[in-house]
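Structure below is run.txt: compact mmCIF, C-alpha atoms and all ligand atoms.
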```txt
# COMPACT_ATOMS: atom_id res chain seq x y z
CA MET A 1 -60.80 66.64 56.27
CA THR A 2 -63.01 64.42 58.42
CA THR A 3 -66.73 64.84 57.73
CA TYR A 4 -68.72 64.54 60.92
CA VAL A 5 -72.44 64.08 60.38
CA LEU A 6 -73.21 64.13 64.09
CA GLU A 7 -71.44 65.72 67.02
CA ALA A 8 -72.62 65.53 70.61
CA LYS A 9 -70.88 67.89 73.00
CA ASN A 10 -71.15 67.33 76.75
CA ILE A 11 -74.66 65.94 76.63
CA SER A 12 -76.10 65.36 80.11
CA LYS A 13 -79.52 64.16 81.12
CA SER A 14 -80.98 63.85 84.57
CA TYR A 15 -84.36 62.46 85.59
CA HIS A 16 -85.51 64.02 88.88
CA GLY A 17 -81.96 64.23 90.16
CA PHE A 18 -80.85 60.88 88.73
CA GLN A 19 -77.98 61.42 86.30
CA ALA A 20 -78.69 59.13 83.32
CA LEU A 21 -76.05 60.76 81.09
CA GLU A 22 -73.05 62.84 82.10
CA ASN A 23 -71.05 64.93 79.63
CA VAL A 24 -71.28 62.52 76.73
CA SER A 25 -69.28 63.74 73.74
CA ILE A 26 -68.92 61.85 70.48
CA SER A 27 -68.35 62.66 66.81
CA LEU A 28 -69.64 60.34 64.11
CA GLU A 29 -68.03 60.21 60.69
CA LYS A 30 -69.92 59.67 57.47
CA GLY A 31 -70.19 56.06 56.33
CA LYS A 32 -68.98 54.39 59.52
CA VAL A 33 -70.73 51.91 61.78
CA TYR A 34 -70.54 52.72 65.50
CA GLY A 35 -71.32 50.19 68.20
CA LEU A 36 -72.66 51.53 71.47
CA ILE A 37 -71.76 49.13 74.28
CA GLY A 38 -72.99 49.25 77.85
CA GLN A 39 -74.80 47.35 80.58
CA ASN A 40 -78.53 47.64 81.17
CA GLY A 41 -79.22 51.15 82.34
CA ALA A 42 -75.89 52.55 81.05
CA GLY A 43 -77.76 55.25 79.13
CA LYS A 44 -77.64 53.99 75.54
CA THR A 45 -81.35 54.38 74.80
CA THR A 46 -81.47 57.74 76.57
CA PHE A 47 -78.66 58.97 74.34
CA MET A 48 -80.30 57.71 71.15
CA ARG A 49 -83.64 59.25 72.16
CA ILE A 50 -81.97 62.62 72.62
CA ILE A 51 -80.31 62.43 69.21
CA ALA A 52 -83.63 61.43 67.62
CA GLY A 53 -85.40 64.37 69.29
CA LEU A 54 -87.64 62.10 71.39
CA SER A 55 -86.16 63.51 74.59
CA PHE A 56 -84.27 66.69 75.51
CA PRO A 57 -80.88 66.90 77.17
CA THR A 58 -80.57 68.71 80.49
CA SER A 59 -77.43 70.33 79.09
CA GLY A 60 -75.02 69.99 76.20
CA GLU A 61 -75.15 70.60 72.49
CA LEU A 62 -75.99 68.47 69.52
CA TYR A 63 -74.84 69.20 65.96
CA LEU A 64 -76.26 67.46 62.92
CA PHE A 65 -74.40 68.08 59.70
CA HIS A 66 -72.43 70.83 61.52
CA GLN A 67 -75.59 72.73 62.48
CA SER A 68 -77.05 73.27 65.92
CA GLY A 69 -80.17 75.03 67.16
CA GLN A 70 -83.76 73.83 67.08
CA LYS A 71 -84.54 74.59 63.43
CA ALA A 72 -81.33 73.10 62.09
CA LEU A 73 -81.79 69.98 64.22
CA GLN A 74 -85.35 69.59 62.98
CA ALA A 75 -84.08 69.77 59.39
CA GLY A 76 -81.17 67.45 60.19
CA ARG A 77 -83.47 64.86 61.71
CA LYS A 78 -85.24 64.52 58.36
CA GLN A 79 -81.97 62.99 57.16
CA MET A 80 -82.01 60.53 60.03
CA GLY A 81 -83.82 57.25 60.53
CA SER A 82 -84.17 55.57 63.88
CA MET A 83 -85.51 52.33 65.24
CA ILE A 84 -85.44 52.86 68.99
CA GLU A 85 -88.55 51.18 70.26
CA ASN A 86 -90.27 48.29 68.50
CA PRO A 87 -90.98 49.31 64.91
CA SER A 88 -94.60 50.36 64.45
CA ILE A 89 -95.85 47.66 62.13
CA LEU A 90 -99.47 46.84 61.38
CA GLY A 91 -99.82 43.06 61.54
CA ASN A 92 -102.78 42.82 59.21
CA MET A 93 -101.01 44.56 56.36
CA ASN A 94 -98.29 43.27 54.06
CA ALA A 95 -94.86 44.92 53.90
CA GLN A 96 -95.74 47.18 50.93
CA ASP A 97 -98.87 48.55 52.64
CA ASN A 98 -97.07 49.08 55.94
CA LEU A 99 -94.48 51.13 54.11
CA HIS A 100 -97.17 53.01 52.22
CA VAL A 101 -98.73 54.13 55.53
CA HIS A 102 -95.37 55.41 56.78
CA LYS A 103 -94.67 57.05 53.43
CA ILE A 104 -97.88 59.10 53.77
CA LEU A 105 -97.19 59.90 57.44
CA LYS A 106 -93.72 61.17 56.54
CA GLY A 107 -94.99 63.12 53.52
CA ILE A 108 -92.65 61.31 51.15
CA LYS A 109 -93.39 61.78 47.45
CA GLU A 110 -90.94 59.34 45.83
CA GLU A 111 -92.78 56.87 43.59
CA ASN A 112 -92.29 53.17 44.26
CA VAL A 113 -90.13 53.96 47.29
CA GLU A 114 -91.85 51.05 49.10
CA GLN A 115 -90.47 48.45 46.68
CA ARG A 116 -87.07 50.15 46.54
CA VAL A 117 -86.53 49.96 50.32
CA LEU A 118 -87.98 46.44 50.50
CA GLU A 119 -85.36 45.31 47.97
CA ILE A 120 -82.61 46.91 50.05
CA VAL A 121 -83.60 45.01 53.21
CA GLY A 122 -84.17 41.74 51.34
CA LEU A 123 -87.97 41.67 51.66
CA GLY A 124 -88.70 42.37 47.99
CA HIS A 125 -90.52 39.08 47.48
CA THR A 126 -92.83 38.99 50.49
CA GLY A 127 -95.87 39.85 48.33
CA LYS A 128 -99.21 39.51 50.11
CA LYS A 129 -97.81 37.89 53.23
CA LYS A 130 -99.09 39.80 56.26
CA ALA A 131 -96.58 41.28 58.69
CA LYS A 132 -98.06 39.26 61.58
CA ASP A 133 -96.83 36.13 59.79
CA PHE A 134 -93.27 37.45 59.44
CA SER A 135 -90.40 36.02 61.47
CA LEU A 136 -88.85 38.35 64.04
CA GLY A 137 -85.89 38.90 61.70
CA MET A 138 -88.25 39.91 58.87
CA ARG A 139 -90.09 42.29 61.20
CA GLN A 140 -86.81 43.91 62.21
CA ARG A 141 -85.86 44.29 58.56
CA LEU A 142 -89.26 45.79 57.79
CA GLY A 143 -88.60 48.19 60.69
CA ILE A 144 -85.34 49.18 59.02
CA ALA A 145 -87.13 49.57 55.67
CA ILE A 146 -89.46 52.09 57.39
CA THR A 147 -86.45 54.08 58.61
CA LEU A 148 -85.00 54.05 55.07
CA LEU A 149 -88.05 55.70 53.49
CA GLY A 150 -86.65 59.23 53.71
CA ASN A 151 -83.17 58.29 52.36
CA PRO A 152 -81.50 58.94 55.71
CA GLU A 153 -77.80 59.68 56.01
CA ILE A 154 -77.75 58.64 59.66
CA LEU A 155 -79.38 55.53 61.05
CA MET A 156 -79.82 54.73 64.74
CA LEU A 157 -80.72 51.19 65.71
CA ASP A 158 -81.32 50.26 69.34
CA GLU A 159 -80.70 46.53 69.83
CA PRO A 160 -81.57 45.50 66.25
CA VAL A 161 -80.53 41.86 66.79
CA ASN A 162 -82.32 41.39 70.09
CA GLY A 163 -84.14 38.06 70.05
CA LEU A 164 -82.97 37.06 66.56
CA ASP A 165 -81.71 33.58 65.79
CA PRO A 166 -78.18 33.11 64.34
CA SER A 167 -79.34 33.38 60.72
CA GLY A 168 -81.42 36.48 61.53
CA ILE A 169 -78.36 37.99 63.24
CA ALA A 170 -76.16 37.25 60.23
CA GLU A 171 -78.71 38.80 57.85
CA MET A 172 -78.92 41.92 60.02
CA ARG A 173 -75.13 42.19 60.07
CA GLN A 174 -74.95 41.96 56.28
CA LEU A 175 -77.70 44.55 55.91
CA ILE A 176 -76.03 47.03 58.27
CA LYS A 177 -72.69 46.63 56.52
CA LYS A 178 -74.36 47.04 53.14
CA LEU A 179 -76.10 50.27 54.21
CA ALA A 180 -72.80 51.74 55.34
CA ALA A 181 -70.72 50.51 52.38
CA ASN A 182 -73.16 51.00 49.47
CA TYR A 183 -75.22 53.93 50.70
CA HIS A 184 -72.56 55.67 52.86
CA MET A 185 -74.90 55.79 55.82
CA THR A 186 -73.54 56.48 59.27
CA ILE A 187 -74.96 53.91 61.63
CA LEU A 188 -75.10 54.03 65.41
CA LEU A 189 -76.26 50.76 66.89
CA SER A 190 -76.46 49.36 70.36
CA SER A 191 -76.25 45.71 71.19
CA HIS A 192 -75.70 43.36 74.09
CA HIS A 193 -74.41 40.85 71.59
CA LEU A 194 -70.77 41.88 71.76
CA ALA A 195 -69.34 39.11 69.60
CA GLU A 196 -71.77 40.20 66.92
CA LEU A 197 -71.01 43.89 67.38
CA HIS A 198 -67.32 43.09 67.02
CA GLN A 199 -68.03 41.77 63.52
CA THR A 200 -70.30 44.64 62.51
CA ALA A 201 -68.95 47.93 63.87
CA ASP A 202 -65.93 49.99 62.76
CA GLU A 203 -65.80 51.94 66.02
CA PHE A 204 -66.84 51.12 69.56
CA ILE A 205 -68.23 53.55 72.13
CA ILE A 206 -68.21 52.04 75.61
CA VAL A 207 -70.66 53.61 78.03
CA ASN A 208 -70.92 52.93 81.73
CA GLU A 209 -73.23 54.61 84.26
CA GLY A 210 -74.04 57.43 81.86
CA LYS A 211 -70.44 58.24 80.95
CA ILE A 212 -68.25 57.31 78.01
CA LEU A 213 -65.47 55.08 79.31
CA LYS A 214 -63.70 54.66 76.03
CA THR A 215 -64.06 55.08 72.29
CA LEU A 216 -61.84 52.98 70.09
CA SER A 217 -61.63 51.76 66.53
CA HIS A 218 -61.92 48.15 65.48
CA ASP A 219 -58.23 48.17 64.49
CA THR A 220 -57.12 49.60 67.83
CA LEU A 221 -59.22 47.04 69.65
CA ASP A 222 -57.61 44.25 67.64
CA GLN A 223 -54.17 45.55 68.60
CA GLN A 224 -55.14 45.75 72.26
CA ILE A 225 -56.74 42.37 72.65
CA ASP A 226 -54.27 39.68 73.45
CA LYS A 227 -53.63 37.09 70.80
CA HIS A 228 -52.18 33.79 71.91
CA ILE A 229 -51.53 30.24 70.77
CA LEU A 230 -53.35 27.58 72.74
CA ILE A 231 -51.35 24.36 73.01
CA HIS A 232 -52.47 21.01 74.35
CA CYS A 233 -49.86 18.24 74.29
CA ASN A 234 -48.93 14.86 75.73
CA GLU A 235 -46.17 16.19 78.02
CA PRO A 236 -47.15 19.55 79.52
CA GLU A 237 -44.09 19.86 81.75
CA LYS A 238 -41.70 19.11 78.95
CA LEU A 239 -43.52 21.70 76.83
CA GLN A 240 -42.87 24.37 79.47
CA GLU A 241 -39.23 23.35 79.65
CA VAL A 242 -38.81 23.56 75.88
CA LEU A 243 -40.50 26.96 75.79
CA ARG A 244 -38.13 28.28 78.45
CA GLU A 245 -34.87 26.63 77.47
CA TYR A 246 -35.04 26.31 73.71
CA LEU A 247 -37.43 29.06 72.70
CA HIS A 248 -36.34 31.48 75.45
CA THR A 249 -39.80 32.66 76.43
CA GLU A 250 -41.60 33.01 79.74
CA ASN A 251 -44.50 34.74 78.05
CA PHE A 252 -47.06 31.97 78.62
CA ILE A 253 -49.50 30.82 81.23
CA VAL A 254 -50.33 27.26 82.20
CA GLN A 255 -54.05 26.68 82.60
CA PRO A 256 -55.66 24.34 85.14
CA ASP A 257 -56.10 21.64 82.47
CA GLN A 258 -52.32 21.91 81.80
CA SER A 259 -52.81 23.50 78.38
CA VAL A 260 -50.62 26.51 77.66
CA LYS A 261 -51.55 29.96 76.41
CA LEU A 262 -48.46 31.26 74.64
CA TYR A 263 -48.35 34.99 73.90
CA ASP A 264 -45.15 34.81 71.77
CA PHE A 265 -44.45 33.18 68.40
CA ILE A 266 -47.81 34.30 66.94
CA ASP A 267 -45.93 35.21 63.76
CA LYS A 268 -43.38 32.40 64.07
CA LYS A 269 -45.59 29.35 64.31
CA GLU A 270 -43.38 27.30 62.01
CA GLU A 271 -40.34 27.76 64.23
CA LEU A 272 -42.43 26.92 67.30
CA SER A 273 -43.95 23.84 65.75
CA ARG A 274 -40.61 22.57 64.45
CA THR A 275 -38.98 22.94 67.86
CA LEU A 276 -41.79 21.03 69.58
CA ILE A 277 -41.52 18.21 67.04
CA GLU A 278 -37.73 18.09 67.49
CA HIS A 279 -38.32 17.49 71.19
CA ASP A 280 -40.87 14.73 70.54
CA ILE A 281 -43.77 16.70 71.95
CA ILE A 282 -47.04 15.43 70.52
CA VAL A 283 -49.36 18.38 70.08
CA THR A 284 -53.11 17.73 70.10
CA THR A 285 -54.28 21.35 69.96
CA PHE A 286 -52.42 24.20 68.31
CA ALA A 287 -54.73 27.16 67.73
CA THR A 288 -54.40 30.91 67.49
CA GLN A 289 -57.00 32.55 69.70
CA GLU A 290 -57.80 36.04 70.82
CA GLU A 291 -59.58 37.55 73.75
CA THR A 292 -63.05 38.75 72.85
CA LEU A 293 -64.60 42.20 72.80
CA GLU A 294 -66.69 40.90 75.67
CA ASN A 295 -63.63 40.19 77.84
CA TYR A 296 -62.13 43.55 76.90
CA TYR A 297 -65.35 45.28 77.89
CA LEU A 298 -65.66 43.38 81.17
CA GLN A 299 -62.07 44.21 82.10
CA LEU A 300 -62.68 47.87 81.30
CA ILE A 301 -65.72 48.15 83.53
CA GLY A 302 -64.01 46.12 86.24
CA GLY A 303 -66.20 43.05 85.82
CA VAL A 304 -63.32 40.56 85.72
CA SER A 305 -59.75 40.85 86.94
N1 LIG A 401 -88.17 58.43 81.68
C1 LIG A 401 -87.31 58.10 82.64
N2 LIG A 401 -87.51 58.46 83.91
C2 LIG A 401 -86.64 58.14 84.90
N3 LIG A 401 -85.52 57.41 84.67
C3 LIG A 401 -85.26 57.00 83.43
C4 LIG A 401 -86.15 57.31 82.34
N4 LIG A 401 -85.61 56.77 81.19
C5 LIG A 401 -84.47 56.15 81.57
N5 LIG A 401 -84.27 56.28 82.89
C6 LIG A 401 -83.12 55.75 83.65
O1 LIG A 401 -81.92 56.18 83.01
C7 LIG A 401 -80.93 55.13 83.03
C8 LIG A 401 -80.49 54.86 81.62
O2 LIG A 401 -81.54 54.16 80.94
P1 LIG A 401 -81.41 53.70 79.43
O3 LIG A 401 -82.71 53.10 79.03
O4 LIG A 401 -80.90 54.81 78.61
O5 LIG A 401 -80.29 52.57 79.53
P2 LIG A 401 -79.79 51.55 78.40
O6 LIG A 401 -78.30 51.65 78.40
O7 LIG A 401 -80.49 51.79 77.14
O8 LIG A 401 -80.22 50.18 79.04
P3 LIG A 401 -80.82 48.85 78.33
O9 LIG A 401 -79.64 48.14 77.78
O10 LIG A 401 -81.44 48.15 79.47
O11 LIG A 401 -81.79 49.27 77.29
C9 LIG A 401 -81.60 53.95 83.73
O12 LIG A 401 -81.19 53.94 85.07
C10 LIG A 401 -83.08 54.23 83.61
O13 LIG A 401 -83.78 53.66 84.69
```
Let me see the structure of the file written as structure tokens.
Ligand SMILES: Nc1ncnc2c1ncn2[C@@H]1O[C@H](COP(=O)(O)OP(=O)(O)OP(=O)(O)O)[C@@H](O)[C@H]1O
Amino acid sequence: MTTYVLEAKNISKSYHGFQALENVSISLEKGKVYGLIGQNGAGKTTFMRIIAGLSFPTSGELYLFHQSGQKALQAGRKQMGSMIENPSILGNMNAQDNLHVHKILKGIKEENVEQRVLEIVGLGHTGKKKAKDFSLGMRQRLGIAITLLGNPEILMLDEPVNGLDPSGIAEMRQLIKKLAANYHMTILLSSHHLAELHQTADEFIIVNEGKILKTLSHDTLDQQIDKHILIHCNEPEKLQEVLREYLHTENFIVQPDQSVKLYDFIDKKEELSRTLIEHDIIVTTFATQEETLENYYLQLIGGVS
């Protein structure tokens, strides 16, 4: 049986007549990473704020660990960590002391929890270094360490890689995957960095103008995005002729630079390559490529034809 740790049913939110969310329904399974995708103003932060209890829905129901109602949600939120706005970090303190402050604020008793969560996020050796001297990536990871203090089962991260450099992004990806795989946390994260999200999330939730356009798994996405072989060669016209007459396919498009995107023979590259060689076609590029999550998303919201 599927274990849902969070279920949102027909959540709507309006601000003075402006509909920021409209009948948003999702169910999150334990241990999975969910990527929330949407343009600026799509409603991602609004949705996360409602789940975290920082804002109230105009209508709809929220279940945490199968329980609804104010008391149950309050209890459920103790099992949830969220980093929605900038993490509240005191620059003049080191990582340990920052965590100690949050530990007291949250009424957490666990001894040495500060060091334990610092090790998890890879900041175990920062010692006396003050938070104001941390890189942005380190600050984000300290923010996540704060959310981990109460051993949450659900983690919500709004734009955790925003502003990070490539190595900071890669570290964040590894951390998120580790939290899901080793600690069975359910993670809901939003990002504008769709190539990155594609590598991190198991499931995608695509939101547009306050509504869910589509939810799909990583595997389904991979089946739906077109794979093709990109071919550059010395004789483009002859290549097209060979594809049609000897390989019996019309399933390709010729690009303005005369290269060809071939949507067949993905699993028969040897046969393709042999046939081209037999016809003296000199291939300079022969690469399997796939459309990106970004293109898929843009097509879905009608951004590109
Ligand atoms: N407190 C508020 N009062 C009025 N309108 C609001 C309020 N909070 C959000 N909105 C509006 O609701 C819509 C959704 O905003 P939200 O911040 O949830 O979008 P988002 O998907 O998180 O965007 P971004 O990617 O820019 O963070 C926007 O049009 C925003 O202007």
Output, as JSON, the centre and edge lengths in Å (one decimal) of the axis-aligned box that contains all listed atoms of ligand LIG 401 (chain A) with 3 Å of margin on each side.
```
{"center_x": -83.2, "center_y": 53.3, "center_z": 81.1, "size_x": 15.9, "size_y": 16.3, "size_z": 13.9}
```
Please find the residues contacting ligand LIG 401 (chain A) at a distance of at most 6 Å between atoms, with all atoms listed in the file counted, and report them as a compact mmCIF listing (two decimals) with C-alpha atoms, in the frame of the given file.
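For reference, result.txt as written:
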```txt
# COMPACT_ATOMS: atom_id res chain seq x y z
CA TYR A 15 -84.36 62.46 85.59
CA ALA A 20 -78.69 59.13 83.32
CA GLY A 38 -72.99 49.25 77.85
CA GLN A 39 -74.80 47.35 80.58
CA ASN A 40 -78.53 47.64 81.17
CA GLY A 41 -79.22 51.15 82.34
CA ALA A 42 -75.89 52.55 81.05
CA GLY A 43 -77.76 55.25 79.13
CA LYS A 44 -77.64 53.99 75.54
CA THR A 45 -81.35 54.38 74.80
CA THR A 46 -81.47 57.74 76.57
```
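Distances from A:Leu262, A:Ile212, A:Met185, A:Leu243 to Leu276 (chain A) were compared using all atoms listed in the file, and the smallest one belongs to A:Leu243.
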Next on the checklist: Between CA of Thr220 (chain A) and CA of Glu159 (chain A), what distance in Å does the model show, to one decimal?
Outcome noted: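 Pair CA of Thr220 (chain A) / CA of Glu159 (chain A) returns 23.9 Å.
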Checklist entry - Neighbours of Glu171 (chain A) within 12 Å (only C-alpha atoms; same-chain residues fewer than 4 positions away dropped), as number ranges by chain? => result A: 120-123, 136-138, 140-141, 160-161, 164-167, 175-178, 196, 200
Next on the checklist: Would you compute the distance between CA of Pro236 (chain A) and CA of Ser259 (chain A)? Give it in Å to one decimal.
Outcome noted: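 The value is 7.0 Å.
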Checklist entry - Looking at only C-alpha atoms, which of A:Leu293, A:Ile205, A:Ala195, A:Val254 is the one that sits closest to Leu221 (chain A)? => result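 Closest candidate: A:Leu293.
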Next on the checklist: Counting all atoms listed in the file, which residue out of A:Glu271, A:Glu290, A:Asp257, A:Glu237 sits closest to Gln224 (chain A)?
Outcome noted: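 Residue with the minimum atom-to-atom distance to Gln224 (chain A): A:Glu290.
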Next on the checklist: Under the rule that only C-alpha atoms are counted, which of A:Met48, A:Val101, A:Ala287, A:Ile206 is the nearest residue to Gln299 (chain A)?
Outcome noted: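 Nearest to Gln299 (chain A): A:Ile206.
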Checklist entry - Taking into account all atoms listed in the file, which residue in the set A:Ala95, A:Met80, A:Leu73, A:Val117 is nearest to Arg139 (chain A)? => result A:Ala95
Checklist entry - Of the candidates A:Leu90, A:Met83, A:Leu300, A:Leu194, which one gets nearest to Ala145 (chain A) if we count all atoms listed in the file? => result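 Closest to Ala145 (chain A), using all atoms listed in the file: A:Met83.
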Next on the checklist: Could you list, as an MDAnalysis selection string, every residue within 10 Å of Lys32 (chain A), counting all atoms listed in the file and ignoring same-chain residues fewer than 3 positions away?
Outcome noted: chainID A and resid 28:29 35 154 177 179:181 184:188 201:203
With C-alpha atoms retained, export the selected residues as an mmCIF file, in the frame of the given file.
```cif
data_model
loop_
_atom_site.group_PDB
_atom_site.id
_atom_site.type_symbol
_atom_site.label_atom_id
_atom_site.label_comp_id
_atom_site.auth_asym_id
_atom_site.auth_seq_id
_atom_site.Cartn_x
_atom_site.Cartn_y
_atom_site.Cartn_z
ATOM 1 C CA LEU A 28 -69.640 60.340 64.110
ATOM 2 C CA GLU A 29 -68.030 60.210 60.690
ATOM 3 C CA GLY A 35 -71.320 50.190 68.200
ATOM 4 C CA ILE A 154 -77.750 58.640 59.660
ATOM 5 C CA LYS A 177 -72.690 46.630 56.520
ATOM 6 C CA LEU A 179 -76.100 50.270 54.210
ATOM 7 C CA ALA A 180 -72.800 51.740 55.340
ATOM 8 C CA ALA A 181 -70.720 50.510 52.380
ATOM 9 C CA HIS A 184 -72.560 55.670 52.860
ATOM 10 C CA MET A 185 -74.900 55.790 55.820
ATOM 11 C CA THR A 186 -73.540 56.480 59.270
ATOM 12 C CA ILE A 187 -74.960 53.910 61.630
ATOM 13 C CA LEU A 188 -75.100 54.030 65.410
ATOM 14 C CA ALA A 201 -68.950 47.930 63.870
ATOM 15 C CA ASP A 202 -65.930 49.990 62.760
ATOM 16 C CA GLU A 203 -65.800 51.940 66.020
#
```
Once you count only C-alpha atoms, what closest atom pair and distance in Å to one decimal does each residue of region 142-217 of chain A within 12 Å of region 52-61 of chain A have, with rows by chain and rising residue number, as JSON lines?
```
{"residue": "A:Thr147", "atom": "CA", "partner": "A:Ala52", "partner_atom": "CA", "distance": 12.0}
{"residue": "A:Ile154", "atom": "CA", "partner": "A:Ala52", "partner_atom": "CA", "distance": 10.3}
{"residue": "A:Leu155", "atom": "CA", "partner": "A:Ala52", "partner_atom": "CA", "distance": 9.8}
{"residue": "A:Met156", "atom": "CA", "partner": "A:Ala52", "partner_atom": "CA", "distance": 8.2}
{"residue": "A:Leu157", "atom": "CA", "partner": "A:Ala52", "partner_atom": "CA", "distance": 10.8}
{"residue": "A:Asp158", "atom": "CA", "partner": "A:Ala52", "partner_atom": "CA", "distance": 11.5}
{"residue": "A:Leu188", "atom": "CA", "partner": "A:Ala52", "partner_atom": "CA", "distance": 11.5}
```
Checklist entry - What is the distance between CA of Ser191 (chain A) and CA of Thr3 (chain A), in Å to one decimal? => result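 We find that CA of Ser191 (chain A) and CA of Thr3 (chain A) lie 25.3 Å from each other.
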Item to check | Protein/DNA/RNA residues near (-78.6, 60.4, 52.7), cut 7 Å, all atoms listed in the file, as a ChimeraX atom specification | outcome: /A:79,151-153,185
Checklist entry - Which polymer residues have any atom within 10 Å of an atom of Gln67 (chain A), counting all atoms listed in the file, with same-chain residues fewer than 4 positions away left out, as a ChimeraX atom specification? => result /A:5-7,62-63,71-73,75-76
Checklist entry - Hey, what's within 9 Å of Ile266 (chain A) if we count all atoms listed in the file and toss same-chain stuff fewer than 6 positions away? As a list in words, please? => result Lys227, His228, Ile229 and Thr288 of chain A
Take the selection from the previous step and output its residues with C-alpha atoms, as a PDB file, in the frame of the given file.
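Output file result.pdb is given in full below:
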```
ATOM      1  CA  LYS A 227     -53.630  37.090  70.800  1.00  0.00           C
ATOM      2  CA  HIS A 228     -52.180  33.790  71.910  1.00  0.00           C
ATOM      3  CA  ILE A 229     -51.530  30.240  70.770  1.00  0.00           C
ATOM      4  CA  THR A 288     -54.400  30.910  67.490  1.00  0.00           C
TER       5      THR A 288
END
```
